[in-house]
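*Asks:* Please find run-v5.tsv (TSV, C-alpha atoms and all ligand atoms) on the next line:
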chain	number	residue	atom	x	y	z
D	14	MET	CA	112.76	130.44	119.99
D	15	ASP	CA	115.48	133.08	119.80
D	16	ALA	CA	118.72	132.18	118.11
D	17	LYS	CA	121.38	131.16	120.60
D	18	LYS	CA	123.77	133.84	121.75
D	19	THR	CA	127.27	133.27	120.43
D	20	VAL	CA	130.41	133.24	122.54
D	21	THR	CA	133.88	133.44	120.98
D	22	ILE	CA	136.86	132.40	123.05
D	23	ILE	CA	140.13	133.87	121.82
D	24	VAL	CA	143.16	131.75	122.70
D	25	PRO	CA	146.63	133.16	121.99
D	26	CYS	CA	149.06	130.26	121.65
D	27	TYR	CA	152.80	130.26	121.44
D	28	ASN	CA	154.44	126.83	121.67
D	29	GLU	CA	151.43	125.23	123.34
D	30	GLU	CA	151.28	121.84	121.58
D	31	GLU	CA	151.04	120.02	124.91
D	32	ALA	CA	148.69	122.37	126.69
D	33	LEU	CA	146.27	123.08	123.83
D	34	PRO	CA	144.59	119.63	123.69
D	35	VAL	CA	144.12	119.70	127.48
D	36	PHE	CA	142.63	123.17	127.23
D	37	TYR	CA	140.37	122.12	124.35
D	38	ARG	CA	138.96	119.18	126.32
D	39	ALA	CA	138.37	121.35	129.37
D	40	VAL	CA	136.48	123.94	127.33
D	41	CYS	CA	134.39	121.26	125.61
D	42	LYS	CA	133.40	119.93	129.01
D	43	VAL	CA	132.33	123.37	130.18
D	44	ALA	CA	130.50	123.94	126.86
D	45	GLU	CA	128.33	120.88	127.50
D	46	GLY	CA	126.82	122.64	130.49
D	47	LEU	CA	126.22	125.79	128.45
D	48	SER	CA	123.87	124.48	125.80
D	49	GLN	CA	121.96	127.78	125.74
D	50	TYR	CA	125.00	129.37	124.05
D	51	ALA	CA	126.84	128.63	120.81
D	52	LEU	CA	130.46	128.50	121.94
D	53	SER	CA	133.30	128.73	119.44
D	54	LEU	CA	137.07	128.84	119.75
D	55	LEU	CA	139.31	131.27	117.92
D	56	LEU	CA	142.83	129.90	118.26
D	57	VAL	CA	145.65	132.26	117.37
D	58	ASN	CA	148.98	130.63	116.60
D	59	ASP	CA	151.57	133.27	117.36
D	60	GLY	CA	154.41	131.86	115.24
D	61	SER	CA	154.98	128.76	117.40
D	62	ARG	CA	158.11	126.74	116.74
D	63	ASP	CA	156.58	123.44	117.84
D	64	GLY	CA	153.60	121.47	116.57
D	65	THR	CA	150.95	123.94	117.77
D	66	LEU	CA	149.75	124.65	114.24
D	67	SER	CA	149.25	120.93	113.46
D	68	VAL	CA	147.27	120.58	116.70
D	69	MET	CA	145.09	123.49	115.59
D	70	ARG	CA	144.53	122.06	112.11
D	71	GLU	CA	143.55	118.75	113.64
D	72	LEU	CA	141.13	120.33	116.14
D	73	ALA	CA	139.58	122.42	113.35
D	74	ARG	CA	139.15	119.31	111.21
D	75	GLN	CA	137.35	117.42	113.99
D	76	ASP	CA	135.28	120.27	115.34
D	77	GLU	CA	133.59	122.94	113.26
D	78	ARG	CA	133.42	125.29	116.26
D	79	VAL	CA	137.19	125.74	116.02
D	80	ARG	CA	138.68	128.50	113.88
D	81	TYR	CA	142.36	129.28	113.81
D	82	LEU	CA	144.57	132.13	112.68
D	83	SER	CA	148.23	131.37	112.20
D	84	PHE	CA	150.73	134.24	112.14
D	85	SER	CA	153.68	134.41	109.77
D	86	ARG	CA	156.00	134.77	112.78
D	87	ASN	CA	155.90	135.48	116.52
D	88	PHE	CA	154.25	138.88	116.99
D	89	GLY	CA	153.69	138.65	120.75
D	90	LYS	CA	150.64	137.99	122.89
D	91	GLU	CA	149.31	141.53	122.47
D	92	ALA	CA	149.21	141.14	118.69
D	93	ALA	CA	147.62	137.71	119.05
D	94	MET	CA	144.86	139.11	121.26
D	95	PHE	CA	144.33	142.02	118.86
D	96	ALA	CA	143.98	139.63	115.90
D	97	GLY	CA	141.46	137.70	117.99
D	98	PHE	CA	139.42	140.81	118.79
D	99	CYS	CA	139.47	141.93	115.14
D	100	ASN	CA	138.15	138.55	113.99
D	101	ALA	CA	135.86	137.51	116.84
D	102	LYS	CA	132.22	137.46	115.83
D	103	GLY	CA	130.49	136.42	119.04
D	104	ASP	CA	127.95	138.44	121.02
D	105	TYR	CA	130.24	137.73	123.93
D	106	VAL	CA	134.00	137.47	123.57
D	107	ALA	CA	136.48	135.98	126.02
D	108	VAL	CA	140.27	135.88	126.07
D	109	MET	CA	141.90	132.85	127.66
D	110	ASP	CA	145.44	131.49	127.89
D	111	ALA	CA	146.02	128.02	126.51
D	112	ASP	CA	147.91	126.82	129.57
D	113	MET	CA	144.88	126.32	131.89
D	114	GLN	CA	146.00	129.15	134.14
D	115	ASP	CA	142.65	130.73	133.31
D	116	PRO	CA	140.15	128.18	134.65
D	117	PRO	CA	137.41	127.48	132.05
D	118	GLU	CA	135.13	126.50	134.96
D	119	LEU	CA	134.67	130.22	135.63
D	120	LEU	CA	132.95	130.76	132.27
D	121	PRO	CA	129.37	129.83	133.29
D	122	GLN	CA	129.57	132.19	136.24
D	123	MET	CA	130.99	134.96	134.03
D	124	LEU	CA	128.25	134.49	131.44
D	125	ALA	CA	125.60	134.60	134.14
D	126	ILE	CA	126.97	137.90	135.42
D	127	LEU	CA	126.83	139.48	131.96
D	128	GLU	CA	123.34	138.11	131.34
D	129	ALA	CA	122.12	139.79	134.50
D	130	GLY	CA	122.81	143.01	132.63
D	131	GLU	CA	124.49	145.05	135.32
D	132	TYR	CA	127.99	144.69	133.87
D	133	ASP	CA	129.58	144.92	130.42
D	134	SER	CA	132.54	142.77	131.22
D	135	VAL	CA	133.77	140.27	133.78
D	136	ALA	CA	137.49	140.26	134.48
D	137	THR	CA	139.55	138.00	136.66
D	138	ARG	CA	142.33	138.69	139.09
D	139	ARG	CA	144.40	136.26	141.00
D	140	VAL	CA	144.56	136.86	144.69
D	141	THR	CA	147.69	134.84	145.28
D	142	ARG	CA	150.93	134.72	143.42
D	143	ALA	CA	151.80	131.27	144.71
D	144	GLY	CA	154.24	129.38	142.54
D	145	GLU	CA	155.88	132.58	141.34
D	146	PRO	CA	159.44	133.60	142.29
D	147	PRO	CA	159.21	136.10	145.22
D	148	ILE	CA	161.43	138.64	143.50
D	149	ARG	CA	159.07	138.67	140.52
D	150	SER	CA	156.05	139.17	142.79
D	151	PHE	CA	157.85	142.05	144.49
D	152	PHE	CA	158.56	143.86	141.22
D	153	ALA	CA	155.05	143.14	139.96
D	154	ARG	CA	153.57	144.78	143.06
D	155	MET	CA	155.88	147.79	142.67
D	156	PHE	CA	154.85	148.12	139.04
D	157	TYR	CA	151.14	148.23	139.86
D	158	LYS	CA	151.71	150.75	142.63
D	159	ILE	CA	153.69	153.06	140.38
D	160	ILE	CA	151.50	152.83	137.30
D	161	ASN	CA	148.29	153.42	139.21
D	162	ARG	CA	149.73	156.52	140.77
D	163	ILE	CA	150.91	158.04	137.49
D	164	SER	CA	148.42	156.92	134.88
D	165	GLU	CA	144.79	157.73	134.18
D	166	ALA	CA	143.99	154.13	133.25
D	167	ASP	CA	142.94	152.03	136.21
D	168	ILE	CA	145.15	148.93	136.25
D	169	VAL	CA	144.29	146.30	138.81
D	170	ASP	CA	147.03	144.37	140.63
D	171	GLY	CA	146.96	140.70	139.75
D	172	ALA	CA	144.59	141.27	136.84
D	173	ARG	CA	144.82	138.60	134.18
D	174	ASP	CA	143.97	139.09	130.54
D	175	PHE	CA	141.24	136.47	131.10
D	176	ARG	CA	137.95	138.28	130.72
D	177	LEU	CA	134.58	138.00	129.10
D	178	MET	CA	133.02	141.03	127.48
D	179	LYS	CA	130.12	142.23	125.43
D	180	ARG	CA	130.31	143.09	121.74
D	181	GLU	CA	130.30	146.86	122.47
D	182	MET	CA	133.46	146.57	124.49
D	183	VAL	CA	135.21	144.51	121.80
D	184	GLU	CA	134.42	147.21	119.27
D	185	ALA	CA	135.93	149.84	121.55
D	186	ILE	CA	139.09	147.73	121.90
D	187	VAL	CA	139.41	147.21	118.15
D	188	SER	CA	139.00	150.95	117.60
D	189	MET	CA	142.15	151.52	119.62
D	190	CYS	CA	144.59	150.67	116.87
D	191	GLU	CA	147.80	151.81	118.55
D	192	TYR	CA	150.88	149.84	117.60
D	193	ASN	CA	152.32	149.59	121.11
D	194	ARG	CA	149.55	147.70	122.81
D	195	PHE	CA	149.20	147.20	126.55
D	196	SER	CA	145.88	145.45	127.01
D	197	LYS	CA	145.63	145.82	130.78
D	198	GLY	CA	145.77	149.57	130.21
D	199	ILE	CA	143.44	149.50	127.21
D	200	PHE	CA	140.75	147.58	129.14
D	201	GLY	CA	140.92	150.15	131.91
D	202	TRP	CA	141.08	153.14	129.57
D	203	ILE	CA	137.93	152.33	127.56
D	204	GLY	CA	135.87	152.22	130.75
D	205	PHE	CA	132.63	150.19	130.84
D	206	ARG	CA	131.30	148.48	133.94
D	207	THR	CA	133.59	145.66	134.93
D	208	LYS	CA	133.03	143.06	137.58
D	209	TRP	CA	136.17	141.54	139.10
D	210	LEU	CA	136.25	137.87	139.99
D	211	PRO	CA	139.08	136.84	142.29
D	212	PHE	CA	140.53	133.36	141.98
D	213	GLN	CA	143.48	131.35	143.28
D	214	ASN	CA	146.57	131.21	141.10
D	215	VAL	CA	146.88	127.97	139.11
D	216	GLU	CA	150.15	126.70	137.66
D	217	ARG	CA	150.32	125.97	133.95
D	218	VAL	CA	149.56	122.36	132.94
D	219	ALA	CA	152.38	121.86	130.46
D	220	GLY	CA	155.14	123.77	128.69
D	221	GLU	CA	156.71	126.79	130.30
D	222	THR	CA	156.07	130.50	130.69
D	223	LYS	CA	157.23	132.72	127.83
D	224	TRP	CA	158.03	135.60	130.13
D	225	SER	CA	161.60	136.15	131.17
D	226	PHE	CA	162.29	138.69	133.88
D	227	TRP	CA	163.77	141.05	131.29
D	228	GLY	CA	160.75	140.54	129.02
D	229	LEU	CA	158.41	141.50	131.86
D	230	PHE	CA	160.55	144.50	132.70
D	231	LYS	CA	160.34	145.79	129.12
D	232	TYR	CA	156.60	145.12	129.09
D	233	SER	CA	156.17	147.17	132.26
D	234	ILE	CA	158.08	150.07	130.70
D	235	ASP	CA	155.71	149.77	127.71
D	236	GLY	CA	152.78	149.99	130.08
D	237	ILE	CA	154.11	153.13	131.72
D	238	VAL	CA	155.09	154.88	128.49
D	239	ASN	CA	151.76	154.00	126.86
D	240	PHE	CA	149.52	155.19	129.65
D	241	SER	CA	151.34	157.96	131.43
D	242	GLN	CA	153.19	161.15	130.67
D	243	ALA	CA	154.46	161.39	134.23
D	244	PRO	CA	158.08	160.43	133.42
D	245	LEU	CA	158.26	163.37	131.01
D	246	SER	CA	156.95	165.75	133.66
D	247	LEU	CA	159.48	164.27	136.05
D	248	ALA	CA	162.26	165.10	133.59
D	249	SER	CA	161.06	168.70	133.27
D	250	LEU	CA	160.66	169.04	137.04
D	251	THR	CA	164.18	167.76	137.64
D	252	GLY	CA	165.42	170.38	135.19
D	253	VAL	CA	163.60	173.17	137.03
D	254	LEU	CA	164.84	171.96	140.41
D	255	PHE	CA	168.47	171.74	139.29
D	256	THR	CA	168.36	175.19	137.69
D	257	ALA	CA	166.99	176.66	140.92
D	258	VAL	CA	169.65	174.96	143.05
D	259	ALA	CA	172.41	176.10	140.68
D	260	PHE	CA	171.12	179.66	140.81
D	261	VAL	CA	171.18	179.75	144.61
D	262	MET	CA	174.69	178.27	144.67
D	263	ILE	CA	175.99	180.86	142.19
D	264	LEU	CA	174.54	183.68	144.29
D	265	PHE	CA	176.10	182.17	147.41
D	266	ILE	CA	179.56	181.95	145.84
D	267	ILE	CA	179.45	185.48	144.41
D	268	VAL	CA	178.40	186.95	147.76
D	269	ARG	CA	181.04	184.94	149.62
D	270	LYS	CA	183.72	186.15	147.18
D	271	LEU	CA	182.62	189.80	147.55
D	272	ILE	CA	182.40	189.78	151.33
D	273	PHE	CA	185.23	187.43	152.33
D	274	GLY	CA	187.35	187.49	149.13
D	275	ASP	CA	187.33	183.72	149.42
D	276	PRO	CA	188.30	181.90	146.19
D	277	VAL	CA	186.35	178.73	145.47
D	278	ALA	CA	188.33	175.63	146.47
D	279	GLY	CA	187.54	171.99	145.79
D	280	TRP	CA	188.27	170.31	142.50
D	281	ALA	CA	186.84	167.01	143.68
D	282	SER	CA	183.47	168.41	144.62
D	283	THR	CA	183.23	170.23	141.28
D	284	ILE	CA	183.81	167.00	139.38
D	285	CYS	CA	181.21	165.21	141.51
D	286	VAL	CA	178.63	167.85	140.73
D	287	ILE	CA	179.43	167.73	137.01
D	288	LEU	CA	179.15	163.96	136.94
D	289	PHE	CA	175.89	164.04	138.88
D	290	ILE	CA	174.29	166.62	136.62
D	291	GLY	CA	175.59	164.80	133.55
D	292	GLY	CA	173.91	161.62	134.82
D	293	VAL	CA	170.61	163.35	135.45
D	294	GLN	CA	170.72	164.88	131.97
D	295	LEU	CA	171.31	161.51	130.35
D	296	LEU	CA	168.50	159.97	132.39
D	297	CYS	CA	166.10	162.67	131.25
D	298	MET	CA	167.21	162.28	127.65
D	299	GLY	CA	166.65	158.55	127.99
D	300	ILE	CA	163.09	159.17	129.17
D	301	ILE	CA	162.42	161.45	126.21
D	302	GLY	CA	164.05	158.84	123.96
D	303	GLN	CA	161.62	156.17	125.19
D	304	TYR	CA	158.65	158.28	124.17
D	305	LEU	CA	160.28	159.23	120.88
D	306	ALA	CA	160.98	155.59	120.05
D	307	LYS	CA	157.34	154.70	120.69
D	308	THR	CA	156.21	157.61	118.54
D	309	TYR	CA	158.53	156.41	115.77
D	310	LEU	CA	157.00	152.93	115.84
D	311	GLU	CA	153.51	154.42	115.95
D	312	VAL	CA	153.93	156.72	112.93
D	313	LYS	CA	155.30	153.96	110.73
D	314	HIS	CA	151.88	152.29	110.77
D	315	ARG	CA	153.23	148.80	110.37
D	316	PRO	CA	150.66	146.02	110.65
D	317	HIS	CA	150.10	144.52	114.11
D	318	TYR	CA	150.03	141.02	112.72
D	319	ILE	CA	150.22	139.05	109.48
D	320	ILE	CA	148.20	135.86	109.08
D	321	ALA	CA	149.87	133.22	106.94
D	322	GLU	CA	147.26	130.50	107.26
D	323	THR	CA	143.69	130.26	108.52
D	324	ASN	CA	140.54	128.18	108.05
D	325	ASP	CA	138.40	131.30	108.24
D	326	SER	CA	137.80	132.77	104.78
D	327	ASP	CA	136.48	136.05	106.26
D	328	ALA	CA	139.55	136.66	108.41
D	329	GLN	CA	141.30	139.97	108.09
D	330	ARG	CA	144.73	138.70	107.13
D	331	VAL	CA	146.74	141.83	107.79
D	332	ARG	CA	145.92	144.64	110.15
K	401	LIG	N1	151.67	133.82	124.23
K	401	LIG	C1	151.57	134.25	122.90
K	401	LIG	N2	152.64	134.88	122.32
K	401	LIG	C2	153.81	135.09	123.00
K	401	LIG	C3	153.88	134.68	124.36
K	401	LIG	C4	152.79	134.06	124.93
K	401	LIG	O1	150.54	134.08	122.26
K	401	LIG	O2	154.74	135.65	122.41
K	401	LIG	C5	150.51	133.14	124.85
K	401	LIG	C6	150.84	131.80	125.50
K	401	LIG	O3	150.78	130.74	124.57
K	401	LIG	C7	149.76	131.68	126.57
K	401	LIG	C8	149.52	133.13	126.97
K	401	LIG	O4	150.05	133.94	125.90
K	401	LIG	O5	148.55	131.13	126.06
K	401	LIG	C9	150.20	133.47	128.29
K	401	LIG	O6	151.57	133.16	128.23
K	401	LIG	P1	152.34	132.55	129.47
K	401	LIG	O7	151.57	131.43	130.07
K	401	LIG	O8	153.73	132.28	129.01
K	401	LIG	O9	152.36	133.80	130.45
K	401	LIG	P2	152.09	133.78	132.03
K	401	LIG	O10	150.82	133.02	132.26
K	401	LIG	O11	153.28	133.12	132.63
K	401	LIG	O12	151.95	135.23	132.38
K	402	MG	MG	150.51	131.17	131.73
Could you quickly redo this structure as structure tokens?
*Replies:*
Amino acid sequence: MDAKKTVTIIVPCYNEEEALPVFYRAVCKVAEGLSQYALSLLLVNDGSRDGTLSVMRELARQDERVRYLSFSRNFGKEAAMFAGFCNAKGDYVAVMDADMQDPPELLPQMLAILEAGEYDSVATRRVTRAGEPPIRSFFARMFYKIINRISEADIVDGARDFRLMKREMVEAIVSMCEYNRFSKGIFGWIGFRTKWLPFQNVERVAGETKWSFWGLFKYSIDGIVNFSQAPLSLASLTGVLFTAVAFVMILFIIVRKLIFGDPVAGWASTICVILFIGGVQLLCMGIIGQYLAKTYLEVKHRPHYIIAETNDSDAQRVR
């Protein structure tokens, strides 16, 4: 008989001491029905301040299918997922949140789709945003509209990071070693054939979301800056437009002066125009600054993550 195919489930965890045991039990239950695969968990502790690490140690002690990587501090979910991808060994690799918002019951269906061979990855998207503040849903929708218009990466509204993929796709993701990571964009950018599974939004079982509105806003700016140069073109276009308008106005005033001898009146309007143009200039400089700041972080080549403790002797501790 062939050796069993291996499936690694990457679980980024930040302050999930309550949710993690619930998640673990749910995955074990699903794993029972998937005896044709060797399932293993790769838990990534992203510098939690609660007892998440002790929970991980305990799970790893009881169950040899559990590996954990514990960061030296909080590096963010993107870094946690990257560490997972770098250290996942399975033929199939999945990413799942620890809070049960990504239903483990979907796994058998996702595996079956990949086995059929037509797709390289199965991704999930939630079709409802129930349980989310309306204002957040509104801005989320706006974000997806804007980014899909201006970026070459195809980013699906409501897409979760929960997906199952083949080895080839994981290697492509790991090869993208950019410092400013935006996984939704990276998944779209690398291509491959992806099947989308819609599901109803589920609220987290315990603990609370780590995303503040401001945090999400900054993340969305990251997404735009990482996958689109449109804001830079917008800055240049604004410059061209303003120069053209100024040129026409100068001509108009010169001609009026020559024909009617009319001196230019209007201090107030002059100040308004100066303020307006000053504002547009600062905005454009800000846009350039955003790209420059990202470039600065990129060229420093700092590691994405630092692992302080792990039960996996092969783990790449810094990358
Ligand atoms: N997470 C993480 N590092 C962080 C923030 C979040 O590893 O800095 C993990 C968190 O533990 C969870 C997943 O990322 O497993 C999704 O986080 P959360 O549930 O807060 O986000 P939401 O589902 O509200 O988008
Ligand atoms: Mg969640």
*Asks:* Could you pull the residues within 12 Å of Val286 of chain D, counting only C-alpha atoms, minus those fewer than 6 positions along the same chain, as a list of chain:residue names?
*Replies:*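 Once the nearby chain positions are removed, what remains is D:Phe255, D:Val258, D:Ala259, D:Met262, D:Gly279, D:Trp280, D:Gly292, D:Val293.
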*Asks:* Measuring atom to atom with all atoms listed in the file, identify which of D:Arg86, D:Arg206, D:Arg162, D:His317 is nearest to Asp59 of chain D.
*Replies:*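 Of D:Arg86, D:Arg206, D:Arg162, D:His317, the one nearest Asp59 of chain D, counting all atoms listed in the file, is D:Arg86.
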*Asks:* Could you pull out the residues sitting within 7 Å of ligand LIG 401 (chain K), using all atoms listed in the file, and write them as JSON, numbers by chain?
*Replies:* {"D": [24, 25, 26, 27, 28, 29, 58, 59, 87, 88, 89, 90, 93, 110, 111, 112, 114, 217, 221, 222, 223, 224]}
*Asks:* Please produce an output containing C-alpha atoms for each residue in the selection, written as a PDB file, in the frame of the given file.
*Replies:*
ATOM      1  CA  VAL D  24     143.160 131.750 122.700  1.00  0.00           C
ATOM      2  CA  PRO D  25     146.630 133.160 121.990  1.00  0.00           C
ATOM      3  CA  CYS D  26     149.060 130.260 121.650  1.00  0.00           C
ATOM      4  CA  TYR D  27     152.800 130.260 121.440  1.00  0.00           C
ATOM      5  CA  ASN D  28     154.440 126.830 121.670  1.00  0.00           C
ATOM      6  CA  GLU D  29     151.430 125.230 123.340  1.00  0.00           C
ATOM      7  CA  ASN D  58     148.980 130.630 116.600  1.00  0.00           C
ATOM      8  CA  ASP D  59     151.570 133.270 117.360  1.00  0.00           C
ATOM      9  CA  ASN D  87     155.900 135.480 116.520  1.00  0.00           C
ATOM     10  CA  PHE D  88     154.250 138.880 116.990  1.00  0.00           C
ATOM     11  CA  GLY D  89     153.690 138.650 120.750  1.00  0.00           C
ATOM     12  CA  LYS D  90     150.640 137.990 122.890  1.00  0.00           C
ATOM     13  CA  ALA D  93     147.620 137.710 119.050  1.00  0.00           C
ATOM     14  CA  ASP D 110     145.440 131.490 127.890  1.00  0.00           C
ATOM     15  CA  ALA D 111     146.020 128.020 126.510  1.00  0.00           C
ATOM     16  CA  ASP D 112     147.910 126.820 129.570  1.00  0.00           C
ATOM     17  CA  GLN D 114     146.000 129.150 134.140  1.00  0.00           C
ATOM     18  CA  ARG D 217     150.320 125.970 133.950  1.00  0.00           C
ATOM     19  CA  GLU D 221     156.710 126.790 130.300  1.00  0.00           C
ATOM     20  CA  THR D 222     156.070 130.500 130.690  1.00  0.00           C
ATOM     21  CA  LYS D 223     157.230 132.720 127.830  1.00  0.00           C
ATOM     22  CA  TRP D 224     158.030 135.600 130.130  1.00  0.00           C
TER      23      TRP D 224
END
*Asks:* Between D:Gly204, D:Pro244, D:Pro211, D:Pro116, which is the closest to ligand MG 402 (chain K) once you count all atoms listed in the file?
*Replies:*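 Among the listed residues, the smallest separation from ligand MG 402 (chain K) belongs to D:Pro116.
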*Asks:* Need to verify the contact set: Pro121 of chain D, 12 Å, all atoms listed in the file, exclusion of same-chain residues closer than 2 positions in sequence. Can you return it as a ChimeraX atom specification?
*Replies:* /D:20,40,42-50,52,107,116-119,123-128,135,177
*Asks:* Give me the residues within 12 Å of segment 295-302 of chain D as a short mmCIF file (atom, residue, chain, number, x, y, z; two decimals) with C-alpha atoms, keeping the file's coordinate frame, counting only C-alpha atoms and dropping any in the same chain fewer than 4 places off.
*Replies:*
data_model
loop_
_atom_site.label_atom_id
_atom_site.label_comp_id
_atom_site.auth_asym_id
_atom_site.auth_seq_id
_atom_site.Cartn_x
_atom_site.Cartn_y
_atom_site.Cartn_z
CA ILE D 234 158.08 150.07 130.70
CA ILE D 237 154.11 153.13 131.72
CA VAL D 238 155.09 154.88 128.49
CA GLN D 242 153.19 161.15 130.67
CA ALA D 243 154.46 161.39 134.23
CA PRO D 244 158.08 160.43 133.42
CA LEU D 245 158.26 163.37 131.01
CA SER D 246 156.95 165.75 133.66
CA LEU D 247 159.48 164.27 136.05
CA ALA D 248 162.26 165.10 133.59
CA SER D 249 161.06 168.70 133.27
CA LEU D 250 160.66 169.04 137.04
CA THR D 251 164.18 167.76 137.64
CA GLY D 252 165.42 170.38 135.19
CA LEU D 288 179.15 163.96 136.94
CA PHE D 289 175.89 164.04 138.88
CA ILE D 290 174.29 166.62 136.62
CA GLY D 291 175.59 164.80 133.55
CA ALA D 306 160.98 155.59 120.05
CA LYS D 307 157.34 154.70 120.69
CA THR D 308 156.21 157.61 118.54
CA TYR D 309 158.53 156.41 115.77
#
*Asks:* Please measure the separation of atom CA of Gln75 of chain D and atom CA of Thr21 of chain D, giving the value in Å to one decimal.
*Replies:*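 Going from atom CA of Gln75 of chain D over to atom CA of Thr21 of chain D covers 17.8 Å.
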*Asks:* Using all atoms listed in the file, pick whichever of D:Arg139, D:Arg173, D:Tyr132, D:Ala219 has the shortest atom-to-atom distance to Glu30 of chain D.
*Replies:*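 Among D:Arg139, D:Arg173, D:Tyr132, D:Ala219, it is D:Ala219 that comes nearest to Glu30 of chain D.
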